[in-house]
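Student: Supplied structure: entry_19.cif, mmCIF, C-alpha atoms.
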```cif
data_target
#
loop_
_atom_site.group_PDB
_atom_site.id
_atom_site.type_symbol
_atom_site.label_atom_id
_atom_site.label_comp_id
_atom_site.auth_asym_id
_atom_site.auth_seq_id
_atom_site.Cartn_x
_atom_site.Cartn_y
_atom_site.Cartn_z
ATOM 1 C CA MET A 889 107.297 -38.258 43.803
ATOM 2 C CA LYS A 890 109.831 -36.491 41.670
ATOM 3 C CA LEU A 891 109.664 -34.407 38.531
ATOM 4 C CA SER A 892 112.303 -35.300 35.954
ATOM 5 C CA GLU A 893 115.396 -33.108 35.808
ATOM 6 C CA GLY A 894 114.267 -32.318 32.265
ATOM 7 C CA VAL A 895 111.629 -30.041 33.808
ATOM 8 C CA GLU A 896 114.283 -27.908 35.527
ATOM 9 C CA TRP A 897 116.437 -27.846 32.391
ATOM 10 C CA THR A 898 113.734 -26.884 29.930
ATOM 11 C CA LEU A 899 112.244 -24.217 32.219
ATOM 12 C CA HIS A 900 115.644 -22.531 32.358
ATOM 13 C CA CYS A 901 116.179 -22.987 28.613
ATOM 14 C CA CYS A 902 112.800 -21.433 27.789
ATOM 15 C CA THR A 903 113.556 -18.493 30.083
ATOM 16 C CA LEU A 904 116.784 -17.972 28.134
ATOM 17 C CA LEU A 905 114.993 -18.304 24.777
ATOM 18 C CA ALA A 906 112.496 -15.687 25.987
ATOM 19 C CA ALA A 907 115.415 -13.289 26.425
ATOM 20 C CA LEU A 908 116.887 -13.743 22.928
ATOM 21 C CA PRO A 909 116.784 -10.859 20.450
ATOM 22 C CA GLU A 910 113.943 -11.005 17.914
ATOM 23 C CA GLY A 911 114.573 -13.565 15.176
ATOM 24 C CA LYS A 912 117.420 -15.339 16.961
ATOM 25 C CA ALA A 913 117.531 -19.040 17.776
ATOM 26 C CA MET A 914 119.772 -21.320 19.834
ATOM 27 C CA SER A 915 120.665 -24.950 19.206
ATOM 28 C CA ALA A 916 120.131 -27.563 21.911
ATOM 29 C CA LYS A 917 123.936 -27.906 21.970
ATOM 30 C CA LYS A 918 124.416 -24.213 22.786
ATOM 31 C CA LEU A 919 121.592 -24.244 25.333
ATOM 32 C CA ALA A 920 123.277 -27.238 26.989
ATOM 33 C CA GLU A 921 126.602 -25.382 26.962
ATOM 34 C CA PHE A 922 125.045 -22.293 28.562
ATOM 35 C CA PHE A 923 123.699 -24.329 31.501
ATOM 36 C CA ASP A 924 126.426 -26.999 31.506
ATOM 37 C CA ILE A 925 123.942 -29.847 31.155
ATOM 38 C CA PRO A 926 124.176 -33.046 29.056
ATOM 39 C CA PRO A 927 123.447 -32.070 25.417
ATOM 40 C CA ASP A 928 121.976 -35.399 24.339
ATOM 41 C CA TYR A 929 119.398 -35.513 27.124
ATOM 42 C CA LEU A 930 118.566 -31.853 26.655
ATOM 43 C CA ALA A 931 118.049 -32.374 22.909
ATOM 44 C CA LYS A 932 115.459 -35.034 23.694
ATOM 45 C CA HIS A 933 113.635 -32.736 26.110
ATOM 46 C CA MET A 934 113.725 -29.768 23.711
ATOM 47 C CA GLN A 935 112.113 -32.031 21.142
ATOM 48 C CA GLN A 936 109.306 -32.640 23.651
ATOM 49 C CA MET A 937 108.925 -28.848 24.046
ATOM 50 C CA SER A 938 108.745 -28.586 20.271
ATOM 51 C CA ASN A 939 106.132 -31.349 20.044
ATOM 52 C CA ALA A 940 104.063 -29.409 22.594
ATOM 53 C CA GLY A 941 104.177 -26.276 20.414
ATOM 54 C CA ILE A 942 106.139 -24.266 22.980
ATOM 55 C CA VAL A 943 109.311 -23.852 20.919
ATOM 56 C CA GLN A 944 109.887 -23.960 17.175
ATOM 57 C CA THR A 945 112.943 -24.986 15.192
ATOM 58 C CA LYS A 946 114.718 -23.124 12.441
ATOM 59 C CA LYS A 947 117.102 -25.057 10.208
ATOM 60 C CA GLY A 948 120.413 -23.845 8.845
ATOM 61 C CA PRO A 949 123.713 -22.522 10.228
ATOM 62 C CA ASN A 950 121.990 -19.908 12.428
ATOM 63 C CA GLY A 951 119.153 -22.268 13.232
ATOM 64 C CA GLY A 952 118.008 -23.745 16.487
ATOM 65 C CA TYR A 953 115.172 -23.256 18.941
ATOM 66 C CA SER A 954 113.124 -20.144 19.564
ATOM 67 C CA LEU A 955 109.801 -19.646 21.334
ATOM 68 C CA ALA A 956 106.822 -20.586 19.187
ATOM 69 C CA ARG A 957 104.656 -17.991 20.956
ATOM 70 C CA SER A 958 104.969 -14.964 23.189
ATOM 71 C CA ALA A 959 106.288 -15.774 26.678
ATOM 72 C CA ARG A 960 103.070 -14.214 28.006
ATOM 73 C CA ASP A 961 101.094 -16.943 26.234
ATOM 74 C CA ILE A 962 103.087 -19.901 27.556
ATOM 75 C CA THR A 963 102.098 -21.193 30.997
ATOM 76 C CA LEU A 964 104.307 -22.995 33.454
ATOM 77 C CA LEU A 965 101.775 -25.838 33.348
ATOM 78 C CA GLU A 966 102.221 -26.273 29.586
ATOM 79 C CA MET A 967 105.979 -26.471 29.983
ATOM 80 C CA VAL A 968 105.842 -28.932 32.879
ATOM 81 C CA GLU A 969 103.275 -31.113 31.082
ATOM 82 C CA ALA A 970 105.372 -31.101 27.897
ATOM 83 C CA ILE A 971 108.037 -33.023 29.825
ATOM 84 C CA ASP A 972 106.095 -34.775 32.564
ATOM 85 C CA GLY A 973 102.783 -35.488 30.840
ATOM 86 C CA ARG A 974 99.231 -34.859 31.922
ATOM 87 C CA THR A 975 98.642 -38.045 33.867
ATOM 88 C CA SER A 976 97.705 -37.580 37.516
ATOM 89 C CA SER A 977 100.464 -38.332 40.027
ATOM 90 C CA PHE A 978 98.027 -40.750 41.704
ATOM 91 C CA LYS A 979 97.328 -43.992 39.898
ATOM 92 C CA CYS A 980 94.213 -45.861 41.043
ATOM 93 C CA THR A 981 94.417 -49.611 40.517
ATOM 94 C CA GLU A 982 90.889 -50.161 41.914
ATOM 95 C CA ILE A 983 92.035 -52.237 44.844
ATOM 96 C CA ARG A 984 88.582 -51.657 46.359
ATOM 97 C CA GLN A 985 87.298 -54.200 43.807
ATOM 98 C CA ARG A 986 89.807 -56.865 44.805
ATOM 99 C CA GLY A 987 90.019 -59.411 47.606
ATOM 100 C CA PRO A 988 87.270 -61.331 49.442
ATOM 101 C CA SER A 989 84.787 -58.417 49.578
ATOM 102 C CA GLY A 990 85.075 -57.302 45.945
ATOM 103 C CA VAL A 991 81.893 -57.300 43.874
ATOM 104 C CA SER A 992 81.289 -56.967 40.145
ATOM 105 C CA PRO A 993 82.638 -53.737 38.579
ATOM 106 C CA CYS A 994 79.159 -52.539 37.533
ATOM 107 C CA GLN A 995 78.208 -52.157 41.217
ATOM 108 C CA TYR A 996 80.698 -49.317 41.742
ATOM 109 C CA LYS A 997 78.651 -46.265 40.800
ATOM 110 C CA THR A 998 81.320 -43.615 41.407
ATOM 111 C CA PRO A 999 85.110 -43.508 40.960
ATOM 112 C CA CYS A 1000 86.907 -44.491 44.166
ATOM 113 C CA GLY A 1001 86.667 -41.655 46.731
ATOM 114 C CA ILE A 1002 90.358 -41.966 47.588
ATOM 115 C CA ALA A 1003 91.298 -41.600 43.909
ATOM 116 C CA ARG A 1004 88.931 -38.628 43.479
ATOM 117 C CA THR A 1005 90.436 -36.842 46.465
ATOM 118 C CA MET A 1006 94.022 -37.479 45.345
ATOM 119 C CA ARG A 1007 93.233 -36.394 41.792
ATOM 120 C CA LYS A 1008 91.616 -33.201 43.010
ATOM 121 C CA ALA A 1009 94.868 -32.281 44.789
ATOM 122 C CA ASP A 1010 96.742 -33.033 41.551
ATOM 123 C CA GLN A 1011 94.370 -30.686 39.702
ATOM 124 C CA VAL A 1012 94.951 -27.969 42.294
ATOM 125 C CA TRP A 1013 98.725 -28.332 41.679
ATOM 126 C CA ARG A 1014 98.209 -28.034 37.923
ATOM 127 C CA TYR A 1015 95.946 -25.004 38.372
ATOM 128 C CA GLU A 1016 98.640 -23.319 40.457
ATOM 129 C CA LEU A 1017 101.193 -23.952 37.678
ATOM 130 C CA LYS A 1018 98.760 -22.527 35.130
ATOM 131 C CA LYS A 1019 98.695 -19.181 36.947
ATOM 132 C CA THR A 1020 102.356 -18.491 36.108
ATOM 133 C CA THR A 1021 103.576 -17.677 32.597
ATOM 134 C CA LEU A 1022 107.018 -17.890 31.076
ATOM 135 C CA ALA A 1023 106.974 -14.070 31.056
ATOM 136 C CA ASP A 1024 106.564 -14.149 34.873
ATOM 137 C CA LEU A 1025 109.575 -16.457 35.194
ATOM 138 C CA GLN A 1026 111.560 -14.228 32.857
ATOM 139 C CA MET A 1027 110.711 -11.179 34.993
ATOM 140 C CA LEU A 1028 111.960 -12.969 38.117
ATOM 141 C CA GLY A 1029 115.162 -13.835 36.252
ATOM 142 C CA VAL A 1030 115.693 -10.225 35.125
ATOM 143 C CA ARG A 1031 115.118 -8.900 38.633
ATOM 144 C CA GLU A 1032 117.167 -11.485 40.510
ATOM 145 C CA THR A 1033 120.075 -12.524 38.283
ATOM 146 C CA PRO A 1034 123.303 -11.144 39.804
ATOM 147 C CA PRO A 1035 124.523 -8.098 37.752
ATOM 148 C CA GLU A 1036 127.883 -9.753 37.046
ATOM 149 C CA GLN A 1037 126.108 -12.807 35.636
ATOM 150 C CA MET A 1038 123.830 -10.658 33.505
ATOM 151 C CA ILE A 1039 126.884 -9.002 31.881
ATOM 152 C CA LYS A 1040 128.619 -12.351 31.324
ATOM 153 C CA ALA A 1041 125.457 -13.836 29.803
ATOM 154 C CA ILE A 1042 124.945 -10.872 27.457
ATOM 155 C CA ASN A 1043 128.571 -11.057 26.299
ATOM 156 C CA TRP A 1044 128.345 -14.821 25.756
ATOM 157 C CA LEU A 1045 125.181 -14.392 23.691
ATOM 158 C CA LYS A 1046 126.775 -11.519 21.697
ATOM 159 C CA GLY A 1047 129.643 -13.868 20.838
ATOM 160 C CA LEU A 1048 127.126 -16.470 19.702
ATOM 161 C CA PHE A 1049 125.158 -14.162 17.414
ATOM 162 C CA GLN A 1050 127.880 -11.957 15.895
ATOM 163 C CA MET B 385 105.694 -37.738 38.359
ATOM 164 C CA LYS B 386 104.139 -40.706 40.107
ATOM 165 C CA LEU B 387 103.228 -41.488 43.669
ATOM 166 C CA SER B 388 104.247 -44.974 44.773
ATOM 167 C CA GLU B 389 101.557 -47.654 44.756
ATOM 168 C CA GLY B 390 102.207 -47.840 48.506
ATOM 169 C CA VAL B 391 100.223 -44.603 48.844
ATOM 170 C CA GLU B 392 97.118 -46.174 47.322
ATOM 171 C CA TRP B 393 97.528 -49.323 49.410
ATOM 172 C CA THR B 394 98.053 -47.629 52.760
ATOM 173 C CA LEU B 395 95.226 -45.127 52.224
ATOM 174 C CA HIS B 396 92.828 -48.023 51.675
ATOM 175 C CA CYS B 397 94.294 -49.963 54.609
ATOM 176 C CA CYS B 398 93.927 -46.996 56.961
ATOM 177 C CA THR B 399 90.326 -46.515 55.832
ATOM 178 C CA LEU B 400 89.697 -50.156 56.729
ATOM 179 C CA LEU B 401 91.477 -49.797 60.091
ATOM 180 C CA ALA B 402 89.276 -46.761 60.785
ATOM 181 C CA ALA B 403 86.238 -49.028 60.420
ATOM 182 C CA LEU B 404 87.406 -51.748 62.844
ATOM 183 C CA PRO B 405 85.557 -52.264 66.126
ATOM 184 C CA GLU B 406 87.159 -50.606 69.171
ATOM 185 C CA GLY B 407 90.210 -52.494 70.425
ATOM 186 C CA LYS B 408 90.610 -54.624 67.303
ATOM 187 C CA ALA B 409 93.743 -54.825 65.164
ATOM 188 C CA MET B 410 94.669 -56.366 61.812
ATOM 189 C CA SER B 411 97.996 -57.820 60.718
ATOM 190 C CA ALA B 412 99.684 -56.604 57.533
ATOM 191 C CA LYS B 413 99.092 -60.100 56.172
ATOM 192 C CA LYS B 414 95.319 -59.854 56.697
ATOM 193 C CA LEU B 415 95.203 -56.309 55.324
ATOM 194 C CA ALA B 416 97.040 -57.577 52.240
ATOM 195 C CA GLU B 417 94.580 -60.445 51.929
ATOM 196 C CA PHE B 418 91.600 -58.087 52.172
ATOM 197 C CA PHE B 419 92.856 -55.977 49.271
ATOM 198 C CA ASP B 420 94.678 -58.767 47.400
ATOM 199 C CA ILE B 421 97.996 -56.913 47.412
ATOM 200 C CA PRO B 422 101.549 -58.260 47.960
ATOM 201 C CA PRO B 423 101.949 -58.849 51.725
ATOM 202 C CA ASP B 424 105.702 -58.241 51.864
ATOM 203 C CA TYR B 425 105.538 -54.841 50.193
ATOM 204 C CA LEU B 426 102.516 -53.856 52.242
ATOM 205 C CA ALA B 427 104.298 -54.834 55.479
ATOM 206 C CA LYS B 428 107.104 -52.431 54.594
ATOM 207 C CA HIS B 429 104.660 -49.613 53.921
ATOM 208 C CA MET B 430 102.653 -50.266 57.098
ATOM 209 C CA GLN B 431 105.929 -50.001 58.994
ATOM 210 C CA GLN B 432 106.344 -46.531 57.443
ATOM 211 C CA MET B 433 102.836 -45.629 58.642
ATOM 212 C CA SER B 434 103.815 -46.844 62.096
ATOM 213 C CA ASN B 435 107.038 -44.809 62.055
ATOM 214 C CA ALA B 436 104.945 -41.749 61.201
ATOM 215 C CA GLY B 437 102.719 -42.322 64.248
ATOM 216 C CA ILE B 438 99.603 -42.959 62.162
ATOM 217 C CA VAL B 439 99.121 -46.598 63.134
ATOM 218 C CA GLN B 440 100.250 -48.545 66.178
ATOM 219 C CA THR B 441 101.112 -52.205 66.594
ATOM 220 C CA LYS B 442 99.828 -54.664 69.155
ATOM 221 C CA LYS B 443 101.731 -57.904 69.611
ATOM 222 C CA GLY B 444 100.287 -61.341 70.245
ATOM 223 C CA PRO B 445 97.843 -63.704 68.495
ATOM 224 C CA ASN B 446 95.162 -61.002 68.114
ATOM 225 C CA GLY B 447 97.747 -58.359 67.402
ATOM 226 C CA GLY B 448 98.366 -56.245 64.350
ATOM 227 C CA TYR B 449 97.816 -52.684 63.295
ATOM 228 C CA SER B 450 95.241 -50.216 64.541
ATOM 229 C CA LEU B 451 95.000 -46.448 64.210
ATOM 230 C CA ALA B 452 97.238 -44.601 66.648
ATOM 231 C CA ARG B 453 94.806 -41.664 66.760
ATOM 232 C CA SER B 454 91.256 -40.799 65.848
ATOM 233 C CA ALA B 455 90.591 -40.794 62.086
ATOM 234 C CA ARG B 456 89.490 -37.160 62.520
ATOM 235 C CA ASP B 457 93.029 -36.285 63.645
ATOM 236 C CA ILE B 458 94.869 -37.962 60.743
ATOM 237 C CA THR B 459 95.199 -35.897 57.582
ATOM 238 C CA LEU B 460 95.573 -37.218 54.062
ATOM 239 C CA LEU B 461 98.810 -35.220 53.882
ATOM 240 C CA GLU B 462 100.298 -37.095 56.856
ATOM 241 C CA MET B 463 99.458 -40.435 55.275
ATOM 242 C CA VAL B 464 100.859 -39.493 51.862
ATOM 243 C CA GLU B 465 104.026 -38.030 53.399
ATOM 244 C CA ALA B 466 104.524 -41.156 55.541
ATOM 245 C CA ILE B 467 105.070 -43.104 52.308
ATOM 246 C CA ASP B 468 106.283 -40.484 49.866
ATOM 247 C CA GLY B 469 108.249 -38.163 52.141
ATOM 248 C CA ARG B 470 108.161 -34.404 52.541
ATOM 249 C CA THR B 471 110.620 -33.473 49.822
ATOM 250 C CA SER B 472 109.271 -31.196 47.100
ATOM 251 C CA SER B 473 108.549 -32.878 43.773
ATOM 252 C CA PHE B 474 110.817 -30.258 42.157
ATOM 253 C CA LYS B 475 114.533 -30.659 42.756
ATOM 254 C CA CYS B 476 116.612 -27.559 42.027
ATOM 255 C CA THR B 477 120.195 -28.350 41.028
ATOM 256 C CA GLU B 478 121.090 -24.650 40.715
ATOM 257 C CA ILE B 479 121.827 -24.838 37.005
ATOM 258 C CA ARG B 480 121.638 -21.014 36.977
ATOM 259 C CA GLN B 481 125.065 -21.059 38.669
ATOM 260 C CA ARG B 482 126.636 -23.274 36.023
ATOM 261 C CA GLY B 483 128.061 -22.703 32.560
ATOM 262 C CA PRO B 484 129.886 -19.695 31.104
ATOM 263 C CA SER B 485 127.755 -17.051 32.848
ATOM 264 C CA GLY B 486 127.780 -18.550 36.357
ATOM 265 C CA VAL B 487 129.160 -16.397 39.151
ATOM 266 C CA SER B 488 130.163 -17.197 42.727
ATOM 267 C CA PRO B 489 127.358 -18.679 44.882
ATOM 268 C CA CYS B 490 127.386 -15.740 47.325
ATOM 269 C CA GLN B 491 126.122 -13.422 44.575
ATOM 270 C CA TYR B 492 122.757 -15.230 44.383
ATOM 271 C CA LYS B 493 120.704 -13.372 46.985
ATOM 272 C CA THR B 494 117.454 -15.323 46.590
ATOM 273 C CA PRO B 495 116.620 -18.961 45.831
ATOM 274 C CA CYS B 496 116.099 -19.511 42.088
ATOM 275 C CA GLY B 497 112.757 -18.028 40.973
ATOM 276 C CA ILE B 498 111.901 -21.134 38.963
ATOM 277 C CA ALA B 499 112.487 -23.331 42.014
ATOM 278 C CA ARG B 500 110.443 -20.988 44.247
ATOM 279 C CA THR B 501 107.520 -21.074 41.824
ATOM 280 C CA MET B 502 107.613 -24.851 41.457
ATOM 281 C CA ARG B 503 107.894 -25.349 45.207
ATOM 282 C CA LYS B 504 104.965 -23.055 45.850
ATOM 283 C CA ALA B 505 102.807 -25.286 43.624
ATOM 284 C CA ASP B 506 104.062 -28.304 45.578
ATOM 285 C CA GLN B 507 103.035 -26.560 48.819
ATOM 286 C CA VAL B 508 99.584 -25.831 47.383
ATOM 287 C CA TRP B 509 99.238 -29.562 46.599
ATOM 288 C CA ARG B 510 100.232 -30.470 50.162
ATOM 289 C CA TYR B 511 97.849 -27.889 51.604
ATOM 290 C CA GLU B 512 95.015 -29.420 49.587
ATOM 291 C CA LEU B 513 95.861 -32.874 50.991
ATOM 292 C CA LYS B 514 95.920 -31.424 54.507
ATOM 293 C CA LYS B 515 92.296 -30.323 54.187
ATOM 294 C CA THR B 516 91.056 -33.937 54.044
ATOM 295 C CA THR B 517 91.132 -36.285 57.036
ATOM 296 C CA LEU B 518 90.988 -40.051 57.227
ATOM 297 C CA ALA B 519 87.483 -39.608 58.694
ATOM 298 C CA ASP B 520 86.471 -37.807 55.458
ATOM 299 C CA LEU B 521 87.776 -40.719 53.369
ATOM 300 C CA GLN B 522 86.004 -43.190 55.641
ATOM 301 C CA MET B 523 82.729 -41.260 55.188
ATOM 302 C CA LEU B 524 83.109 -41.451 51.386
ATOM 303 C CA GLY B 525 83.737 -45.198 51.707
ATOM 304 C CA VAL B 526 80.640 -45.713 53.882
ATOM 305 C CA ARG B 527 78.460 -43.720 51.478
ATOM 306 C CA GLU B 528 79.758 -45.199 48.252
ATOM 307 C CA THR B 529 80.727 -48.816 48.905
ATOM 308 C CA PRO B 530 78.228 -51.086 47.108
ATOM 309 C CA PRO B 531 75.795 -52.638 49.654
ATOM 310 C CA GLU B 532 76.750 -56.176 48.607
ATOM 311 C CA GLN B 533 80.420 -55.400 49.240
ATOM 312 C CA MET B 534 79.629 -53.863 52.621
ATOM 313 C CA ILE B 535 77.897 -57.103 53.706
ATOM 314 C CA LYS B 536 80.757 -59.273 52.402
ATOM 315 C CA ALA B 537 83.329 -57.084 54.152
ATOM 316 C CA ILE B 538 81.455 -57.180 57.477
ATOM 317 C CA ASN B 539 81.139 -60.962 57.292
ATOM 318 C CA TRP B 540 84.826 -61.355 56.422
ATOM 319 C CA LEU B 541 85.805 -59.167 59.377
ATOM 320 C CA LYS B 542 83.424 -61.068 61.701
ATOM 321 C CA GLY B 543 85.180 -64.278 60.673
ATOM 322 C CA LEU B 544 88.509 -62.672 61.476
ATOM 323 C CA PHE B 545 87.581 -61.456 64.947
ATOM 324 C CA GLN B 546 85.385 -64.272 66.240
#
```
I need this file expressed as structure tokens, please.
Tutor:
Amino acid sequence: MKLSEGVEWTLHCCTLLAALPEGKAMSAKKLAEFFDIPPDYLAKHMQQMSNAGIVQTKKGPNGGYSLARSARDITLLEMVEAIDGRTSSFKCTEIRQRGPSGVSPCQYKTPCGIARTMRKADQVWRYELKKTTLADLQMLGVRETPPEQMIKAINWLKGLFQ
Amino acid sequence: MKLSEGVEWTLHCCTLLAALPEGKAMSAKKLAEFFDIPPDYLAKHMQQMSNAGIVQTKKGPNGGYSLARSARDITLLEMVEAIDGRTSSFKCTEIRQRGPSGVSPCQYKTPCGIARTMRKADQVWRYELKKTTLADLQMLGVRETPPEQMIKAINWLKGLFQ
């Protein structure tokens, strides 16, 4: 069970967008350059973030992506689901109904107990992701980014916006 | 993010093995027949369950798989990890170290905050799975299997063991 690499990429990109000065935006190309990731794939994933209402796009020469809402109002769950979807990691194919002991579907009064238990664990995972906001991730980044990197990042962004 | 269908199959197979009379075993071929699933793929997955010490094999004409331990001592987590592995669903490729602002690896004093947060959610999911045992799943099956299916299953198993 693996989350797509797009989850890692877009979480980092959103953390960077959260740090941009008011009114500024970054293109998918520049975001890809900042993290040295493939621009075409990233563009596709940023579009998914846009479709989910997490980022917004501004057209024009200084256009690009910015957060559509405050980082405090964007949960980790929303960001992960924008890329990975809302479908449970466990798919039930109702094998209990198959084979020599299977009976007609109307006789099964409850969803399969195995599926219910697996889906509950999936819900617990999603609930855990919902407890963290983009602002929390940004705070971790501010606290833990090496000072030398912070200076290099600020200078790179200054070059981009001047 | 999707769990392999082998997880669904083996969870159902183990629940059936938990219901077998003392000393009885079932081949992968018969388990596959009971659930109408592809025998070759199931055989591979049952081998993984055996490698994980969840089931044991008995050779000979009445041989096959049986539980290696009491169903009360087998957790859902063990069964899922036997098929899906123990690796976190979130893979961190350290993109924070890349691009124009990256600095030397020794300057990063903590694992990436995004990766830590995602891995914590993965741990919460695993902890939830650990709370359920195979005996719990078996109890759900006993309570919720349609009576007509229970009779058909018992008769099918009687035919197998007579």
Student: Around (119.4, -14.6, 18.5) in the file's own coordinates, what residues are found within 9 Å if you use only C-alpha atoms, given back as a compact mmCIF listing (two decimals) with C-alpha atoms, in the coordinates of the input?
Tutor:
```
# COMPACT_ATOMS: atom_id res chain seq x y z
CA LEU A 905 114.99 -18.30 24.78
CA ALA A 907 115.42 -13.29 26.42
CA LEU A 908 116.89 -13.74 22.93
CA PRO A 909 116.78 -10.86 20.45
CA GLU A 910 113.94 -11.00 17.91
CA GLY A 911 114.57 -13.56 15.18
CA LYS A 912 117.42 -15.34 16.96
CA ALA A 913 117.53 -19.04 17.78
CA MET A 914 119.77 -21.32 19.83
CA ASN A 950 121.99 -19.91 12.43
CA SER A 954 113.12 -20.14 19.56
CA LEU A 1045 125.18 -14.39 23.69
CA LYS A 1046 126.78 -11.52 21.70
CA LEU A 1048 127.13 -16.47 19.70
CA PHE A 1049 125.16 -14.16 17.41
```
Student: Within 7 Å of chain B, which residues belong to chain A? Use all atoms listed in the file and report them as a ChimeraX atom specification.
Tutor: /A:889-891,896,921-924,972,977-978,980,983-984,986-991,995-996,1001-1002,1009-1010,1012-1013,1016-1017,1025,1028-1029,1034,1037,1040-1041
Student: For the atom pair atom CA of Arg503 of chain B and atom CA of Pro927 of chain A, what is the interatomic distance in Å to one decimal place?
Tutor: 26.1 Å
Student: Any idea what the distance is between atom CA of Ala1023 of chain A and atom CA of Met967 of chain A?
Tutor: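 If I compute the distance from atom CA of Ala1023 of chain A to atom CA of Met967 of chain A, I get 12.5 Å.
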Student: When you draw a straight line from atom CA of Ala940 of chain A to atom CA of Arg1004 of chain A, how long is it in Å?
Tutor: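 Computing the Euclidean distance for atom CA of Ala940 of chain A and atom CA of Arg1004 of chain A yields 27.4 Å.
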Student: For segment 941-957 of chain A in the structure I just supplied, write out N, CA and C atoms - as a compact mmCIF listing (two decimals), in the first residue's frame.
Tutor:
```txt
# COMPACT_ATOMS: atom_id res chain seq x y z
N GLY A 941 -9.96 22.84 -4.52
CA GLY A 941 -10.18 24.13 -3.84
C GLY A 941 -9.12 24.45 -2.80
N ILE A 942 -7.96 23.83 -2.91
CA ILE A 942 -6.89 24.07 -1.93
C ILE A 942 -5.98 25.21 -2.41
N VAL A 943 -5.71 25.21 -3.72
CA VAL A 943 -4.94 26.31 -4.30
C VAL A 943 -5.79 26.99 -5.37
N GLN A 944 -5.40 28.21 -5.71
CA GLN A 944 -6.09 28.93 -6.79
C GLN A 944 -5.03 29.39 -7.79
N THR A 945 -5.48 29.66 -9.01
CA THR A 945 -4.53 30.09 -10.04
C THR A 945 -4.79 31.54 -10.42
N LYS A 946 -3.69 32.22 -10.70
CA LYS A 946 -3.76 33.59 -11.18
C LYS A 946 -3.08 33.59 -12.52
N LYS A 947 -3.72 34.16 -13.53
CA LYS A 947 -3.11 34.18 -14.87
C LYS A 947 -2.17 35.38 -15.02
N GLY A 948 -1.41 35.37 -16.10
CA GLY A 948 -0.55 36.52 -16.37
C GLY A 948 0.91 36.23 -16.07
N PRO A 949 1.78 37.22 -16.37
CA PRO A 949 3.23 37.02 -16.22
C PRO A 949 3.67 36.76 -14.77
N ASN A 950 2.97 37.32 -13.80
CA ASN A 950 3.29 37.05 -12.40
C ASN A 950 2.31 36.05 -11.78
N GLY A 951 1.66 35.30 -12.67
CA GLY A 951 0.64 34.37 -12.21
C GLY A 951 1.21 33.09 -11.65
N GLY A 952 0.31 32.18 -11.36
CA GLY A 952 0.72 30.89 -10.81
C GLY A 952 -0.23 30.45 -9.72
N TYR A 953 0.27 29.59 -8.85
CA TYR A 953 -0.56 29.06 -7.76
C TYR A 953 -0.35 29.83 -6.46
N SER A 954 -1.44 30.01 -5.73
CA SER A 954 -1.36 30.48 -4.35
C SER A 954 -2.42 29.70 -3.57
N LEU A 955 -2.35 29.76 -2.25
CA LEU A 955 -3.36 29.05 -1.45
C LEU A 955 -4.73 29.69 -1.67
N ALA A 956 -5.75 28.88 -1.75
CA ALA A 956 -7.11 29.40 -1.93
C ALA A 956 -7.72 29.82 -0.61
N ARG A 957 -7.12 29.33 0.49
CA ARG A 957 -7.62 29.63 1.84
C ARG A 957 -6.45 29.77 2.79
```
